[in-house]
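Please read the structure below before turning to the comments.
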Amino acid sequence: MPSQADFHLHSTISDGRLTPSQLVDLAHRNGVRIMALTDHDIVDGLPEAFEATSRHDDFTLVPGIEMSTDVPGNEVHILGHFIDWQDSAFRARLVILQESRLGRAHKMVEKLVSLNKPVTWERVEHFAGEGAVGRPHIALALVEAGHVSSVNEAFNLYLGRTAPAYVDRERLTPGEVVATITSVGGLATLAHPRELKAAGGLDGLLSELKAAGLTGMEVYYQDYHADEIESLRVLALKFDLIPLGGSDYHGLGNPQQREPGKIPLPMAPVERLLDLANRRGVLDRARGPLASIVR
Ligand code: AMP
Ligand code: ZN
Ligand code: FE
Ligand code: FE
């Protein structure tokens with residue numbers, strides 16, 4: 001069942017294949033009426049997305065971001081919604097994260113060369129375009145070079161967390177990311193927690209992050225099955241977190257990814273998020289009619 005809301009989407013400004021305005025138009029066409037643009041460690045797509053929003057008088061855009069961190073043995077991604085994306089200290093921090101992304105991508109390219117699966121930096125840059133460079137761009141270069149047949153295979157054989165060309169990030173801790181998002185008035189939501197749950201560390205992480213200001217957890221995500229959704233929903237309830245959801249659409253053609261809005265996110269948690277944003281005084285950072293409904 002599609003949703004009228006989607007709080008997790010990527011554009012060409014990071015590793016998605018659609019521009020921010022194409023993404024807004026596709027989401028709108030799919031019936032989405034409130035969405036967040038959440039590019040990786042970057043907010044530069046927001047002006048274009050806001051501009052595109054003005055073409056649809058029944059559409060609300062929430063400024064967002066997805067920030068990545070590592071914990072031993074796992075990656076933790078945290079979404080920030082209703083962030084003050086123009087804050088200068090926040091943006092300075094994002095510039096540092098972009099630089100670390102570049103260094104890390106260079107190291108992964110070097111590892112691929114030594115694994116005899118060479119890709120050139122020029123092709124990685126080509127796929128990244130002007131946006132934040134990420135592993136999907138290296139994956140596309142691997143596909144193009146004929147070393148693998150798909151982006152998924154590139155992750156399974158080379159770029160995934162336990163694969164030989166993977167390089168750890170030098171990043172903030174998950175608690176620091178939640179604090180960073182919270183410091184610009186954003187509402188922080190733990191993204192795609194299934195693998196963290198499988199690894200057994202989710203309860204501990206949630207109590208730590210709840211103390212740091214976490215307000216939500218992604219529950220209605222991509223290909224999560226009904227039973228996974230239900231057990232995550234119960235966990236969100238236990239920690240008093242809003243059970244949010246998103247497609248994490250990138251347009252890369254991975255079979256697990258859903259189109260914008262093609263997730264079973266009900267409207268009740270969406271209303272809770274808007275209500276919380278309203279109480280925190282950050283609701284008007286979104287643009288569109290929903291922002292005025294709750295006022
Ligand atoms: P990065 O930000 O460079 O660490 O890359 C993270 C991105 O890689 C995620 O947002 C996904 O789009 C993609 N990704 C991560 N794991 C996989 C996987 N196993 N298969 C396909 N794409 C993946
Ligand atoms: Zn991505
Ligand atoms: Fe993610
Ligand atoms: Fe994502």
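In the structure tokens, each chain is lettered A, B, ... as it comes, each chain's residues begin at 1, and ligands are numbered from 1 in order of appearance.
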- [ ] Write out as a list in words each polymer residue (protein, DNA or RNA) that has an atom no more than 9 Å from ligand 3, with only C-alpha atoms and all ligand atoms counted.
- [x]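 Those residues are His8, His40, Glu66, Met67, Ser68, Glu75, Val76, His77, Ile78, Leu79, Ala191, His192 and Asp248 of chain A.
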TODO: Pick out the residues sitting within 10 Å of segment 119-132 of chain A, and hand them over as a ChimeraX atom specification; count only C-alpha atoms, and ignore anything fewer than 3 positions along from it in its own chain.
DONE: /A:11-17,39-42,44-45,97-99,101-102,105-106,108-110,112-113,116,135-147
TODO: With only C-alpha atoms and all ligand atoms counted, collect every polymer residue having an atom within 6 Å of ligand 1; state the result as a list in words.
DONE: Gly134, Arg135, Pro136, Val151, Asn152, Phe155 and Gly160 of chain A
Based on the selection just made, write all heavy atoms of those residues as a compact mmCIF listing (two decimals), in the first residue's frame.
```
# COMPACT_ATOMS: atom_id res chain seq x y z
N GLY A 134 30.07 8.68 -3.23
CA GLY A 134 29.73 7.57 -2.35
C GLY A 134 30.03 6.24 -3.02
O GLY A 134 30.36 6.19 -4.21
N ARG A 135 29.89 5.18 -2.24
CA ARG A 135 30.18 3.85 -2.79
C ARG A 135 29.35 3.50 -4.02
O ARG A 135 29.85 2.82 -4.92
CB ARG A 135 30.00 2.79 -1.70
CG ARG A 135 31.19 2.72 -0.76
CD ARG A 135 30.98 1.68 0.31
NE ARG A 135 29.95 2.10 1.25
CZ ARG A 135 29.30 1.29 2.07
NH1 ARG A 135 29.56 0.00 2.05
NH2 ARG A 135 28.42 1.75 2.92
N PRO A 136 28.07 3.93 -4.14
CA PRO A 136 27.33 3.60 -5.36
C PRO A 136 28.02 4.11 -6.63
O PRO A 136 27.90 3.50 -7.69
CB PRO A 136 25.97 4.28 -5.14
CG PRO A 136 25.81 4.25 -3.66
CD PRO A 136 27.18 4.53 -3.12
N VAL A 151 25.11 -3.24 -9.49
CA VAL A 151 25.52 -2.48 -8.30
C VAL A 151 25.49 -3.39 -7.07
O VAL A 151 26.41 -3.38 -6.25
CB VAL A 151 24.59 -1.25 -8.12
CG1 VAL A 151 24.72 -0.64 -6.74
CG2 VAL A 151 24.91 -0.20 -9.19
N ASN A 152 24.43 -4.20 -6.96
CA ASN A 152 24.36 -5.12 -5.81
C ASN A 152 25.56 -6.04 -5.77
O ASN A 152 26.15 -6.29 -4.71
CB ASN A 152 23.08 -5.97 -5.88
CG ASN A 152 21.93 -5.30 -5.13
OD1 ASN A 152 22.11 -4.28 -4.48
ND2 ASN A 152 20.76 -5.89 -5.22
N PHE A 155 28.62 -4.39 -4.43
CA PHE A 155 28.63 -4.32 -2.97
C PHE A 155 28.93 -5.68 -2.35
O PHE A 155 29.71 -5.78 -1.40
CB PHE A 155 27.29 -3.77 -2.45
CG PHE A 155 27.26 -2.27 -2.39
CD1 PHE A 155 26.88 -1.52 -3.49
CD2 PHE A 155 27.66 -1.60 -1.25
CE1 PHE A 155 26.87 -0.13 -3.45
CE2 PHE A 155 27.66 -0.21 -1.19
CZ PHE A 155 27.27 0.52 -2.30
N GLY A 160 30.88 -3.80 0.08
CA GLY A 160 30.10 -3.97 1.30
C GLY A 160 31.00 -3.96 2.53
O GLY A 160 32.23 -4.07 2.43
```
Task: Separation of atom CA of Phe82 of chain A from atom CA of Pro47 of chain A in Å - done: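 Between atom CA of Pro47 of chain A and atom CA of Phe82 of chain A the gap works out to 14.2 Å.
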Open item on the list: Show me, as a ChimeraX atom specification, the residues that have an atom within 7 Å of Gly245 of chain A when counting only C-alpha atoms, minus same-chain residues fewer than 4 positions from it.
Closed with: /A:6-7,218-221,265
Output N, CA and C atoms of each residue in that selection to a file, as a short mmCIF file (atom, residue, chain, number, x, y, z; two decimals), in the first residue's frame.
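Below you can see result_17.cif, which holds the result:
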```cif
data_model
loop_
_atom_site.label_atom_id
_atom_site.label_comp_id
_atom_site.auth_asym_id
_atom_site.auth_seq_id
_atom_site.Cartn_x
_atom_site.Cartn_y
_atom_site.Cartn_z
N ASP A 6 6.94 10.24 2.49
CA ASP A 6 8.20 9.52 2.29
C ASP A 6 9.31 10.41 2.85
N PHE A 7 10.00 9.91 3.88
CA PHE A 7 10.97 10.75 4.60
C PHE A 7 12.42 10.37 4.34
N GLU A 218 13.26 4.40 11.77
CA GLU A 218 12.64 3.98 10.52
C GLU A 218 12.11 2.56 10.67
N VAL A 219 10.82 2.39 10.43
CA VAL A 219 10.15 1.11 10.62
C VAL A 219 9.57 0.62 9.29
N TYR A 220 9.00 1.53 8.53
CA TYR A 220 8.37 1.19 7.24
C TYR A 220 9.37 1.52 6.15
N TYR A 221 10.19 0.52 5.77
CA TYR A 221 11.34 0.79 4.91
C TYR A 221 11.41 -0.21 3.77
N LEU A 265 3.88 3.26 4.97
CA LEU A 265 3.94 4.20 6.11
C LEU A 265 2.55 4.81 6.34
#
```
Task: Distance criterion (only C-alpha atoms): nearest to Ile242 of chain A out of A:Arg161, A:Arg33, A:Arg279, A:Arg272 - done: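 Under the stated criterion, the closest residue is A:Arg272.
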TODO: May I ask for the distance between atom CA of Pro72 of chain A and atom CA of Leu241 of chain A, given in Å to one decimal place?
DONE: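 Computing the Euclidean distance for atom CA of Pro72 of chain A and atom CA of Leu241 of chain A yields 23.8 Å.
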Open item on the list: Can you measure atom CA of Phe90 of chain A to atom CA of Ala27 of chain A for me? One decimal in Å is fine.
Closed with: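 Those two atoms sit 27.7 Å apart.
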Task: Test item: residues at most 12 Å from Lys210 of chain A, only C-alpha atoms, excluding those fewer than 6 positions along its chain, as a list in words - done: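 Answer for this query is Pro174, Gly175, Val178, Ala179, Thr182, Leu187, Ala188, Thr189, Leu190, Leu202, Asp203, Gly204, Gly216, Met217, Ala236, Lys238, Phe239, Asp240, Leu241 and Ile242 of chain A.
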Task: Closest of A:Thr38, A:Asn254, A:Ser150, A:Gln22 to Glu51 of chain A - atom-to-atom distances counting only C-alpha atoms - done: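 Of the candidates, the smallest distance to Glu51 of chain A is held by A:Gln22.
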TODO: Using only C-alpha atoms and all ligand atoms, pick whichever of A:Arg285, A:His250, A:Arg171, A:His225 has the shortest atom-to-atom distance to ligand 2.
DONE: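 Result for the nearest residue to ligand 2: A:His250.
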Task: Of the listed residues A:Arg287, A:Glu48, A:Val133, A:Pro243, that which approaches ligand 2 most closely, counting only C-alpha atoms and all ligand atoms - done: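 Once distances to ligand 2 are computed over only C-alpha atoms and all ligand atoms, the minimum belongs to A:Val133.
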TODO: Could you tell me which of A:Gln257, A:Ser114, A:Thr180, A:Thr215 comes closest to ligand 2 if we count only C-alpha atoms and all ligand atoms?
DONE: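 So, comparing all the options, the nearest one is A:Gln257.
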Open item on the list: Using only C-alpha atoms, can you tell me which of A:Arg258, A:Arg194, A:Arg169, A:Pro164 comes closest to Asp227 of chain A?
Closed with: A:Arg194
- [ ] Select from segment 33-203 of chain A everything DSSP, run on the backbone, classes as helix (DSSP H, G or I), then give the selection as a ChimeraX atom specification.
- [x] /A:46-53,88-114,121-128,135-144,151-159,174-183,194-198,202-203
Open item on the list: So that I can check the secondary structure, give me every residue of segment 6-165 of chain A assigned strand (DSSP E or B) by backbone DSSP, as a list in words.
Closed with: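 The strand (DSSP E or B) residues within segment 6-165 of chain A come out as Asp6, Leu9, Ile34, Met35, Ala36, Leu37, His40, Thr60, Leu61, Val62, Pro63, Gly64, Ile65, Glu66, Met67, Ser68, Thr69, Asp70, Val71, Asn74, Glu75, Val76, His77, Ile78, Leu79, Gly80 and His81 of chain A.
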Need the shell around Ala52 of chain A: protein/DNA/RNA residues with any atom at most 9 Å away, counting only C-alpha atoms. Skip same-chain ones fewer than 2 positions apart. Format as an mmCIF file with N, CA and C atoms, in the first residue's frame?
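Below is the file that was written, result.cif:
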```
data_model
loop_
_atom_site.group_PDB
_atom_site.id
_atom_site.type_symbol
_atom_site.label_atom_id
_atom_site.label_comp_id
_atom_site.auth_asym_id
_atom_site.auth_seq_id
_atom_site.Cartn_x
_atom_site.Cartn_y
_atom_site.Cartn_z
ATOM 1 N N PRO A 20 17.067 16.823 -7.783
ATOM 2 C CA PRO A 20 16.064 17.133 -6.755
ATOM 3 C C PRO A 20 14.694 17.457 -7.352
ATOM 4 N N SER A 21 14.646 18.206 -8.456
ATOM 5 C CA SER A 21 13.316 18.547 -8.990
ATOM 6 C C SER A 21 12.662 17.354 -9.667
ATOM 7 N N GLN A 22 13.440 16.497 -10.329
ATOM 8 C CA GLN A 22 12.846 15.273 -10.897
ATOM 9 C C GLN A 22 12.281 14.386 -9.792
ATOM 10 N N VAL A 24 11.142 15.373 -6.793
ATOM 11 C CA VAL A 24 9.897 15.975 -6.298
ATOM 12 C C VAL A 24 8.753 15.633 -7.253
ATOM 13 N N ASP A 25 8.998 15.760 -8.555
ATOM 14 C CA ASP A 25 7.935 15.484 -9.525
ATOM 15 C C ASP A 25 7.528 14.012 -9.511
ATOM 16 N N PRO A 47 17.722 23.839 -2.107
ATOM 17 C CA PRO A 47 17.152 24.989 -2.830
ATOM 18 C C PRO A 47 16.382 24.554 -4.083
ATOM 19 N N GLU A 48 16.961 23.640 -4.871
ATOM 20 C CA GLU A 48 16.271 23.179 -6.082
ATOM 21 C C GLU A 48 14.985 22.423 -5.726
ATOM 22 N N ALA A 49 15.043 21.606 -4.671
ATOM 23 C CA ALA A 49 13.852 20.844 -4.276
ATOM 24 C C ALA A 49 12.740 21.790 -3.815
ATOM 25 N N PHE A 50 13.087 22.805 -3.038
ATOM 26 C CA PHE A 50 12.078 23.779 -2.594
ATOM 27 C C PHE A 50 11.474 24.499 -3.793
ATOM 28 N N SER A 54 7.249 24.395 -5.407
ATOM 29 C CA SER A 54 6.306 25.475 -5.698
ATOM 30 C C SER A 54 5.463 25.180 -6.948
ATOM 31 N N ARG A 55 5.846 24.157 -7.725
ATOM 32 C CA ARG A 55 5.026 23.772 -8.892
ATOM 33 C C ARG A 55 3.777 22.987 -8.475
ATOM 34 N N HIS A 56 3.762 22.486 -7.220
ATOM 35 C CA HIS A 56 2.652 21.634 -6.775
ATOM 36 C C HIS A 56 2.036 22.261 -5.525
#
```
